[in-house]
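Pasting data13.cif here (mmCIF, C-alpha atoms):
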data_my_file
#
loop_
_atom_site.group_PDB
_atom_site.id
_atom_site.type_symbol
_atom_site.label_atom_id
_atom_site.label_comp_id
_atom_site.auth_asym_id
_atom_site.auth_seq_id
_atom_site.Cartn_x
_atom_site.Cartn_y
_atom_site.Cartn_z
ATOM 1 C CA MET A 1 18.981 16.705 37.149
ATOM 2 C CA ILE A 2 19.383 17.802 33.520
ATOM 3 C CA PRO A 3 20.144 21.503 33.068
ATOM 4 C CA ARG A 4 17.294 23.638 31.757
ATOM 5 C CA ASN A 5 19.063 24.662 28.524
ATOM 6 C CA VAL A 6 19.657 20.982 27.639
ATOM 7 C CA GLN A 7 15.974 20.180 28.312
ATOM 8 C CA ILE A 8 14.875 23.008 26.018
ATOM 9 C CA THR A 9 17.305 21.849 23.316
ATOM 10 C CA LEU A 10 16.028 18.255 23.527
ATOM 11 C CA VAL A 11 12.393 19.396 23.296
ATOM 12 C CA LEU A 12 13.190 21.557 20.269
ATOM 13 C CA LEU A 13 15.021 18.655 18.599
ATOM 14 C CA LEU A 14 12.060 16.350 19.302
ATOM 15 C CA VAL A 15 9.614 18.881 17.816
ATOM 16 C CA ALA A 16 11.852 19.375 14.751
ATOM 17 C CA THR A 17 12.121 15.604 14.240
ATOM 18 C CA PHE A 18 8.359 15.141 14.552
ATOM 19 C CA GLY A 19 7.698 18.074 12.193
ATOM 20 C CA SER A 20 10.149 16.718 9.624
ATOM 21 C CA GLY A 21 8.482 13.318 9.760
ATOM 22 C CA LEU A 22 5.059 14.843 9.136
ATOM 23 C CA TYR A 23 6.432 16.912 6.261
ATOM 24 C CA LEU A 24 8.037 13.840 4.637
ATOM 25 C CA LEU A 25 4.796 11.890 5.021
ATOM 26 C CA ARG A 26 2.895 14.719 3.319
ATOM 27 C CA LEU A 27 5.422 14.838 0.453
ATOM 28 C CA HIS A 28 5.188 11.077 0.016
ATOM 29 C CA ARG A 29 1.387 11.187 -0.207
ATOM 30 C CA ARG A 30 1.502 14.079 -2.680
ATOM 31 C CA THR A 31 4.005 12.205 -4.851
ATOM 32 C CA GLU A 32 1.811 9.102 -4.866
ATOM 33 C CA ALA A 33 -1.193 11.220 -5.871
ATOM 34 C CA ASN A 34 0.798 12.829 -8.709
ATOM 35 C CA ILE A 35 1.938 9.427 -9.956
ATOM 36 C CA ARG A 36 -1.640 8.123 -9.910
ATOM 37 C CA ARG A 37 -2.878 11.220 -11.733
ATOM 38 C CA ALA A 38 -0.132 10.970 -14.357
ATOM 39 C CA SER A 39 -0.763 7.283 -14.956
ATOM 40 C CA SER A 40 -4.487 7.899 -15.466
ATOM 41 C CA LEU A 41 -3.838 10.201 -18.439
ATOM 42 C CA HIS A 42 -4.537 8.458 -21.705
ATOM 43 C CA ALA A 43 -2.686 9.095 -24.911
ATOM 44 C CA ILE A 44 -4.661 10.246 -27.931
ATOM 45 C CA ALA A 45 -5.089 7.379 -30.340
ATOM 46 C CA PRO A 46 -3.728 8.026 -33.817
ATOM 47 C CA PRO A 47 -6.268 8.161 -36.641
ATOM 48 C CA ILE A 48 -6.830 4.787 -38.235
ATOM 49 C CA SER A 49 -7.712 5.973 -41.718
ATOM 50 C CA GLY A 50 -6.679 8.871 -43.861
ATOM 51 C CA SER A 51 -4.034 9.813 -46.316
ATOM 52 C CA PRO A 52 -0.544 10.673 -45.143
ATOM 53 C CA GLU A 53 0.341 14.369 -45.246
ATOM 54 C CA LYS A 54 3.688 16.080 -45.112
ATOM 55 C CA VAL A 55 4.473 17.854 -41.822
ATOM 56 C CA MET A 56 7.503 19.913 -40.831
ATOM 57 C CA LEU A 57 9.254 18.796 -37.636
ATOM 58 C CA THR A 58 11.674 21.033 -35.785
ATOM 59 C CA ILE A 59 14.069 19.085 -33.605
ATOM 60 C CA ALA A 60 16.431 20.538 -30.999
ATOM 61 C CA TYR A 61 19.944 19.105 -30.936
ATOM 62 C CA ASP A 62 21.400 19.883 -27.514
ATOM 63 C CA ASP A 63 24.922 18.757 -28.343
ATOM 64 C CA ASP A 64 25.210 21.210 -31.248
ATOM 65 C CA GLY A 65 22.915 23.841 -29.721
ATOM 66 C CA VAL A 66 20.828 24.169 -32.890
ATOM 67 C CA PHE A 67 17.332 23.539 -34.206
ATOM 68 C CA ARG A 68 16.998 21.540 -37.400
ATOM 69 C CA SER A 69 13.843 21.136 -39.453
ATOM 70 C CA ARG A 70 12.941 18.068 -41.427
ATOM 71 C CA GLU A 71 9.931 16.953 -43.356
ATOM 72 C CA ALA A 72 8.021 13.835 -42.333
ATOM 73 C CA SER A 73 4.847 12.059 -43.336
ATOM 74 C CA ALA A 74 1.984 11.627 -40.867
ATOM 75 C CA VAL A 75 -1.689 10.654 -40.934
ATOM 76 C CA LEU A 76 -3.666 13.526 -39.398
ATOM 77 C CA PRO A 77 -7.287 13.732 -38.213
ATOM 78 C CA SER A 78 -9.764 15.379 -40.558
ATOM 79 C CA GLU A 79 -11.356 17.688 -37.913
ATOM 80 C CA ALA A 80 -9.587 21.035 -37.549
ATOM 81 C CA GLY A 81 -9.580 20.987 -33.719
ATOM 82 C CA ALA A 82 -8.137 17.491 -33.469
ATOM 83 C CA ARG A 83 -5.603 18.310 -36.171
ATOM 84 C CA GLU A 84 -4.468 21.398 -34.286
ATOM 85 C CA ARG A 85 -4.095 19.455 -31.030
ATOM 86 C CA SER A 86 -2.043 16.734 -32.701
ATOM 87 C CA VAL A 87 0.268 19.044 -34.677
ATOM 88 C CA GLY A 88 0.091 22.429 -32.976
ATOM 89 C CA ASP A 89 -0.734 25.829 -34.402
ATOM 90 C CA PRO A 90 2.056 26.842 -36.814
ATOM 91 C CA HIS A 91 0.993 30.523 -36.678
ATOM 92 C CA ARG A 92 1.165 30.803 -32.895
ATOM 93 C CA ARG A 93 4.152 32.749 -31.651
ATOM 94 C CA VAL A 94 5.742 32.016 -28.286
ATOM 95 C CA HIS A 95 7.405 35.038 -26.689
#
Let me see the file written as structure tokens.
Amino acid sequence: MIPRNVQITLVLLLVATFGSGLYLLRLHRRTEANIRRASSLHAIAPPISGSPEKVMLTIAYDDDGVFRSREASAVLPSEAGARERSVGDPHRRVH
């Protein structure tokens, strides 16, 4: 006969193994759902017509640990809301 403490240990190990398997299955399903959700997002199409405008880009250089700004040319939408979404609000402060 197997001693009682060994039986209890085996039951606890079996429960822990079963619980871990269920947890991994749940994580796998959640990851698949996140991948499906991310792949269903569509990029905003750039405007087809319009005149190019100068925009200021700020780029982070991790190697140097600095931000550098440079001017670029981009075609922007004519509506204010779409323009703000594509470029961002230059007056907004992030704290």
Item to complete: Would you kindly return, as a PyMOL selection string, each protein, DNA or RNA residue with an atom no farther than 9 Å from any atom of A:Met56, considering only C-alpha atoms and excluding same-chain residues fewer than 6 positions away?
Response: chain A and resi 69-73
Practice prompt. List the residues matched by the PyMOL selection byres ((chain A and resi 58) around 6) in the displayed structure as a PyMOL selection string, ordered by chain and then by residue number.
Written response: chain A and resi 57+59+68-69
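Taking atom CA of A:Leu12 and atom CA of A:Arg26 as the two end points, the separation is 21.0 Å.
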Fill in: Within-6 Å shell of (-2.2, 13.9, -43.6) in input frame, all atoms listed in the file, as a ChimeraX atom specification
/A:51-53,74-76
Expected file contents, prior selection, C-alpha atoms, as a tab-separated table (two decimals), keeping the file's coordinate frame:
chain	number	residue	atom	x	y	z
A	51	SER	CA	-4.03	9.81	-46.32
A	52	PRO	CA	-0.54	10.67	-45.14
A	53	GLU	CA	0.34	14.37	-45.25
A	74	ALA	CA	1.98	11.63	-40.87
A	75	VAL	CA	-1.69	10.65	-40.93
A	76	LEU	CA	-3.67	13.53	-39.40
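Interatomic distance, atom CA of A:Ser39 against atom CA of A:Ala82: 22.4 Å.
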Once you add 3 Å to each side, what are the centre and edge lengths of the axis-aligned box holding all listed atoms of stretch 70-78 of chain A? One decimal in Å, as lines of an AutoDock Vina configuration file, if you can.
center_x = 1.6
center_y = 14.4
center_z = -40.8
size_x = 28.7
size_y = 13.4
size_z = 11.1
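Going from atom CA of A:Lys54 over to atom CA of A:Phe67, you cover 19.0 Å.
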Completion step: stretch 28-39 of chain A with all heavy atoms as a PDB file, in the coordinates of the input:
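Result written to out_37.pdb:
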ATOM      1  N   HIS A  28       5.350  12.425   0.555  1.00  0.00           N
ATOM      2  CA  HIS A  28       5.188  11.077   0.016  1.00  0.00           C
ATOM      3  C   HIS A  28       3.769  10.882  -0.522  1.00  0.00           C
ATOM      4  O   HIS A  28       3.582  10.347  -1.609  1.00  0.00           O
ATOM      5  CB  HIS A  28       5.505  10.049   1.103  1.00  0.00           C
ATOM      6  CG  HIS A  28       5.371   8.636   0.656  1.00  0.00           C
ATOM      7  ND1 HIS A  28       6.218   8.076  -0.266  1.00  0.00           N
ATOM      8  CD2 HIS A  28       4.483   7.662   0.996  1.00  0.00           C
ATOM      9  CE1 HIS A  28       5.856   6.820  -0.472  1.00  0.00           C
ATOM     10  NE2 HIS A  28       4.802   6.553   0.290  1.00  0.00           N
ATOM     11  N   ARG A  29       2.779  11.317   0.237  1.00  0.00           N
ATOM     12  CA  ARG A  29       1.387  11.187  -0.207  1.00  0.00           C
ATOM     13  C   ARG A  29       1.128  12.012  -1.460  1.00  0.00           C
ATOM     14  O   ARG A  29       0.429  11.591  -2.363  1.00  0.00           O
ATOM     15  CB  ARG A  29       0.432  11.591   0.903  1.00  0.00           C
ATOM     16  CG  ARG A  29       0.368  10.570   1.997  1.00  0.00           C
ATOM     17  CD  ARG A  29      -0.640  10.954   3.044  1.00  0.00           C
ATOM     18  NE  ARG A  29      -0.697   9.945   4.096  1.00  0.00           N
ATOM     19  CZ  ARG A  29      -1.237  10.135   5.262  1.00  0.00           C
ATOM     20  NH1 ARG A  29      -1.792  11.285   5.553  1.00  0.00           N
ATOM     21  NH2 ARG A  29      -1.246   9.166   6.160  1.00  0.00           N
ATOM     22  N   ARG A  30       1.703  13.228  -1.507  1.00  0.00           N
ATOM     23  CA  ARG A  30       1.502  14.079  -2.680  1.00  0.00           C
ATOM     24  C   ARG A  30       2.157  13.451  -3.911  1.00  0.00           C
ATOM     25  O   ARG A  30       1.599  13.489  -5.004  1.00  0.00           O
ATOM     26  CB  ARG A  30       2.086  15.459  -2.425  1.00  0.00           C
ATOM     27  CG  ARG A  30       1.728  16.436  -3.531  1.00  0.00           C
ATOM     28  CD  ARG A  30       2.348  17.796  -3.366  1.00  0.00           C
ATOM     29  NE  ARG A  30       2.178  18.348  -2.045  1.00  0.00           N
ATOM     30  CZ  ARG A  30       2.878  19.369  -1.587  1.00  0.00           C
ATOM     31  NH1 ARG A  30       3.793  19.933  -2.343  1.00  0.00           N
ATOM     32  NH2 ARG A  30       2.683  19.835  -0.377  1.00  0.00           N
ATOM     33  N   THR A  31       3.327  12.862  -3.738  1.00  0.00           N
ATOM     34  CA  THR A  31       4.005  12.205  -4.851  1.00  0.00           C
ATOM     35  C   THR A  31       3.193  11.021  -5.352  1.00  0.00           C
ATOM     36  O   THR A  31       3.053  10.826  -6.563  1.00  0.00           O
ATOM     37  CB  THR A  31       5.408  11.741  -4.415  1.00  0.00           C
ATOM     38  OG1 THR A  31       6.145  12.873  -3.963  1.00  0.00           O
ATOM     39  CG2 THR A  31       6.148  11.085  -5.559  1.00  0.00           C
ATOM     40  N   GLU A  32       2.655  10.226  -4.452  1.00  0.00           N
ATOM     41  CA  GLU A  32       1.811   9.102  -4.866  1.00  0.00           C
ATOM     42  C   GLU A  32       0.594   9.592  -5.635  1.00  0.00           C
ATOM     43  O   GLU A  32       0.213   8.993  -6.642  1.00  0.00           O
ATOM     44  CB  GLU A  32       1.363   8.300  -3.642  1.00  0.00           C
ATOM     45  CG  GLU A  32       2.423   7.420  -3.060  1.00  0.00           C
ATOM     46  CD  GLU A  32       1.928   6.651  -1.846  1.00  0.00           C
ATOM     47  OE1 GLU A  32       0.866   7.003  -1.296  1.00  0.00           O
ATOM     48  OE2 GLU A  32       2.614   5.692  -1.464  1.00  0.00           O
ATOM     49  N   ALA A  33      -0.024  10.680  -5.181  1.00  0.00           N
ATOM     50  CA  ALA A  33      -1.193  11.220  -5.871  1.00  0.00           C
ATOM     51  C   ALA A  33      -0.805  11.714  -7.265  1.00  0.00           C
ATOM     52  O   ALA A  33      -1.554  11.491  -8.236  1.00  0.00           O
ATOM     53  CB  ALA A  33      -1.810  12.358  -5.053  1.00  0.00           C
ATOM     54  N   ASN A  34       0.344  12.363  -7.405  1.00  0.00           N
ATOM     55  CA  ASN A  34       0.798  12.829  -8.709  1.00  0.00           C
ATOM     56  C   ASN A  34       1.081  11.672  -9.651  1.00  0.00           C
ATOM     57  O   ASN A  34       0.777  11.736 -10.843  1.00  0.00           O
ATOM     58  CB  ASN A  34       2.044  13.711  -8.575  1.00  0.00           C
ATOM     59  CG  ASN A  34       1.724  15.063  -7.992  1.00  0.00           C
ATOM     60  OD1 ASN A  34       0.584  15.516  -8.018  1.00  0.00           O
ATOM     61  ND2 ASN A  34       2.739  15.716  -7.449  1.00  0.00           N
ATOM     62  N   ILE A  35       1.659  10.602  -9.130  1.00  0.00           N
ATOM     63  CA  ILE A  35       1.938   9.427  -9.956  1.00  0.00           C
ATOM     64  C   ILE A  35       0.637   8.790 -10.416  1.00  0.00           C
ATOM     65  O   ILE A  35       0.498   8.416 -11.585  1.00  0.00           O
ATOM     66  CB  ILE A  35       2.817   8.415  -9.187  1.00  0.00           C
ATOM     67  CG1 ILE A  35       4.231   8.973  -9.033  1.00  0.00           C
ATOM     68  CG2 ILE A  35       2.850   7.068  -9.895  1.00  0.00           C
ATOM     69  CD1 ILE A  35       5.116   8.161  -8.124  1.00  0.00           C
ATOM     70  N   ARG A  36      -0.336   8.683  -9.521  1.00  0.00           N
ATOM     71  CA  ARG A  36      -1.640   8.123  -9.910  1.00  0.00           C
ATOM     72  C   ARG A  36      -2.309   8.981 -10.968  1.00  0.00           C
ATOM     73  O   ARG A  36      -2.870   8.478 -11.935  1.00  0.00           O
ATOM     74  CB  ARG A  36      -2.545   8.007  -8.691  1.00  0.00           C
ATOM     75  CG  ARG A  36      -2.553   6.648  -8.063  1.00  0.00           C
ATOM     76  CD  ARG A  36      -3.640   6.585  -7.030  1.00  0.00           C
ATOM     77  NE  ARG A  36      -3.488   7.748  -6.160  1.00  0.00           N
ATOM     78  CZ  ARG A  36      -3.145   7.724  -4.868  1.00  0.00           C
ATOM     79  NH1 ARG A  36      -2.978   6.651  -4.276  1.00  0.00           N
ATOM     80  NH2 ARG A  36      -2.981   8.790  -4.159  1.00  0.00           N
ATOM     81  N   ARG A  37      -2.252  10.308 -10.778  1.00  0.00           N
ATOM     82  CA  ARG A  37      -2.878  11.220 -11.733  1.00  0.00           C
ATOM     83  C   ARG A  37      -2.191  11.131 -13.089  1.00  0.00           C
ATOM     84  O   ARG A  37      -2.837  11.124 -14.127  1.00  0.00           O
ATOM     85  CB  ARG A  37      -2.807  12.650 -11.211  1.00  0.00           C
ATOM     86  CG  ARG A  37      -3.662  13.610 -11.988  1.00  0.00           C
ATOM     87  CD  ARG A  37      -3.666  15.020 -11.411  1.00  0.00           C
ATOM     88  NE  ARG A  37      -3.728  15.066  -9.964  1.00  0.00           N
ATOM     89  CZ  ARG A  37      -2.849  15.684  -9.187  1.00  0.00           C
ATOM     90  NH1 ARG A  37      -1.841  16.322  -9.725  1.00  0.00           N
ATOM     91  NH2 ARG A  37      -2.982  15.685  -7.880  1.00  0.00           N
ATOM     92  N   ALA A  38      -0.873  11.042 -13.098  1.00  0.00           N
ATOM     93  CA  ALA A  38      -0.132  10.970 -14.357  1.00  0.00           C
ATOM     94  C   ALA A  38      -0.378   9.646 -15.069  1.00  0.00           C
ATOM     95  O   ALA A  38      -0.441   9.596 -16.292  1.00  0.00           O
ATOM     96  CB  ALA A  38       1.356  11.160 -14.104  1.00  0.00           C
ATOM     97  N   SER A  39      -0.541   8.578 -14.321  1.00  0.00           N
ATOM     98  CA  SER A  39      -0.763   7.283 -14.956  1.00  0.00           C
ATOM     99  C   SER A  39      -2.186   7.146 -15.473  1.00  0.00           C
ATOM    100  O   SER A  39      -2.457   6.303 -16.322  1.00  0.00           O
ATOM    101  CB  SER A  39      -0.446   6.148 -13.991  1.00  0.00           C
ATOM    102  OG  SER A  39      -1.377   6.154 -12.927  1.00  0.00           O
TER     103      SER A  39
END
